[in-house]
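Scroll down for the structure; my scribbles are underneath it.
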Amino acid sequence: MDFIIRLTGLVLMTKGKQSQMHALLLILALALSGCQNTSSDNSLPVTFHPDYGLPLVNIGINGETMLAYVDTGANFLRVCLPKQDIERLGAHPNGKVTRFFGLGGMAHASPEYDAFLTLGVNAPIKTSIQEFKEWGFTMGQKPYDSLGLKPAYIGLRLLKHYTLFLDFSKNDLRLYPPSFSPTGMADWTEIPFTVTASGIEFPLKLEGSTVQAILDTGASRSLLIQDPSIFSDHHHRREFAQKIILTGLQIGKLLLDPLTVIHKHFPKPDVHLILGCDFLKHHQLYISFKDKRIWIRKAAPQIENHPVSVEAAPRERMLL
């Protein structure tokens, strides 16, 4: 509750009635999600940022609750915060530096700090957090958003220690132990993936031609990052400048609905598509980093219960 009160105070300092309304709606959603009676310790209720459309969850750093983006397109990122927040939370530098680059091709070096992280109701885990930089994958975001603060980021260096369940149509994200494998998946499509410098990468078909895609919860919209002329005309149709509708997409045996993408070139010749939150809101996924497998199906208004949860990860402090 103290966390919600502090956020409300920040909202009152934001400029513009529309920004204040968006921020207050997000805070209300966070408060309600915290009151939900979930059936599993693994669940992290998700809300979507009113400015950027990106998924936000509540996390704890050294006992303090804060907002965090969940970004599967950030492979080298564990958890990052602005430097002033790191110092305020009393995190201590461990002398290590993480070097990586984002989709924009910009290289960065980020100092690491030791801290205790809490996800959901699971016991705190000892991990390292990184100092926030203006990385390539934060393009277009303001230094501070309409809430008056910069949320943290959670990347694949942390998420890969779990099996993930994503159902953004129900605002649901679940973290299972890495050994967990879903069962009863006859109506799901199973595909392999690899973890590359760009994130979770896998092949899909575009009218029979194989293209490479990245699954990116850090992208609010799906992107075509190659020149559209590499596809024949019947693969896509231009809606207006920089917007393209792709048809004939297929992941494994799953035929996808027509997908509207934004054309934005990135220097990634081996990747063609970035599937963002607009795609994920219409699908359910399990992602097993241990088995390097994705199970996917279309989300429906009435969805069957997914496989029964196993016990949460052991409640001891562990270094990730």
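Please note that chains go A, B, ... in the order of the structure tokens, that every chain numbers its residues from 1, and that ligands are numbered from 1 in the order shown.
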Using only C-alpha atoms, determine which residues lie at most 10 Å from stretch 191-202 of chain A, disregarding the query and same-chain residues fewer than 3 positions distant; provide the list as a PyMOL selection string.
chain A and resi 71-76+100-103+155-156+160+188+211-216+251-253+268+271+273-274+287-289+291-296
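Residues in contact range of stretch 77-90 of chain A, defined as at most 7 Å between only C-alpha atoms, with sequence neighbours fewer than 4 positions away removed, read Asn62, Ile129, Gln130, Glu131, Phe132, Ala152, Tyr153, Ile154, Gly155, Leu156, Arg157 and Leu158 of chain A.
One finds atom CA of A:Ile61 at 13.1 Å from atom CA of A:Val121.
Atom pair atom CA of A:Gly120 / atom CA of A:Val97 has a distance of 27.7 Å (rounded to one decimal).
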Could you give me, as a tab-separated table, a per-residue list for stretch 35-93 of chain A showing, wherever an atom lies at most 8 Å from an atom of stretch 163-184 of chain A, the closest pair of atoms and their distance in Å to one decimal, using only C-alpha atoms and sorting by chain then residue number from low to high?
```
residue	atom	partner	partner_atom	distance
A:Asn42	CA	A:Leu175	CA	5.1
A:Ser43	CA	A:Arg174	CA	4.4
A:Leu44	CA	A:Leu173	CA	5.2
A:Pro45	CA	A:Asp172	CA	5.2
A:Val46	CA	A:Asn171	CA	4.7
A:Thr47	CA	A:Asn171	CA	6.4
```
Write out the residues from the selection above, keeping C-alpha atoms, as a PDB file, in the first residue's frame.
```
ATOM      1  CA  ASN A  42       4.539 -18.557  -9.575  1.00  0.00           C
ATOM      2  CA  SER A  43       2.161 -15.880 -10.862  1.00  0.00           C
ATOM      3  CA  LEU A  44       3.224 -12.287 -11.564  1.00  0.00           C
ATOM      4  CA  PRO A  45       0.173 -10.201 -12.574  1.00  0.00           C
ATOM      5  CA  VAL A  46       0.971  -7.990 -15.574  1.00  0.00           C
ATOM      6  CA  THR A  47      -0.184  -4.492 -16.430  1.00  0.00           C
TER       7      THR A  47
END
```
Using only C-alpha atoms, the shortest atom-to-atom distance to A:Gly276 among A:Arg297, A:Lys126, A:His263, A:Arg221 belongs to A:Arg221
Need the shell around A:Ala68: protein/DNA/RNA residues with any atom at most 7 Å away, counting only C-alpha atoms. Skip same-chain ones fewer than 2 positions apart. Format as a count of residues only?
10
With only C-alpha atoms as the atoms that count, which of A:Pro55, A:Gly63, A:Pro203, A:Cys277 lies nearest to A:Ala219?
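Of the candidates, the smallest distance to A:Ala219 is held by A:Cys277.
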Just give me the gap between atom CA of A:Leu254 and atom CA of A:His283 in Å, one decimal is fine.
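Straight-line distance from atom CA of A:Leu254 to atom CA of A:His283 works out to 10.9 Å.
Of the listed residues A:Leu204, A:Leu255, A:Ile262, A:Phe279, the one whose atoms come nearest to A:Gln226 is A:Ile262, with distances taken using only C-alpha atoms.
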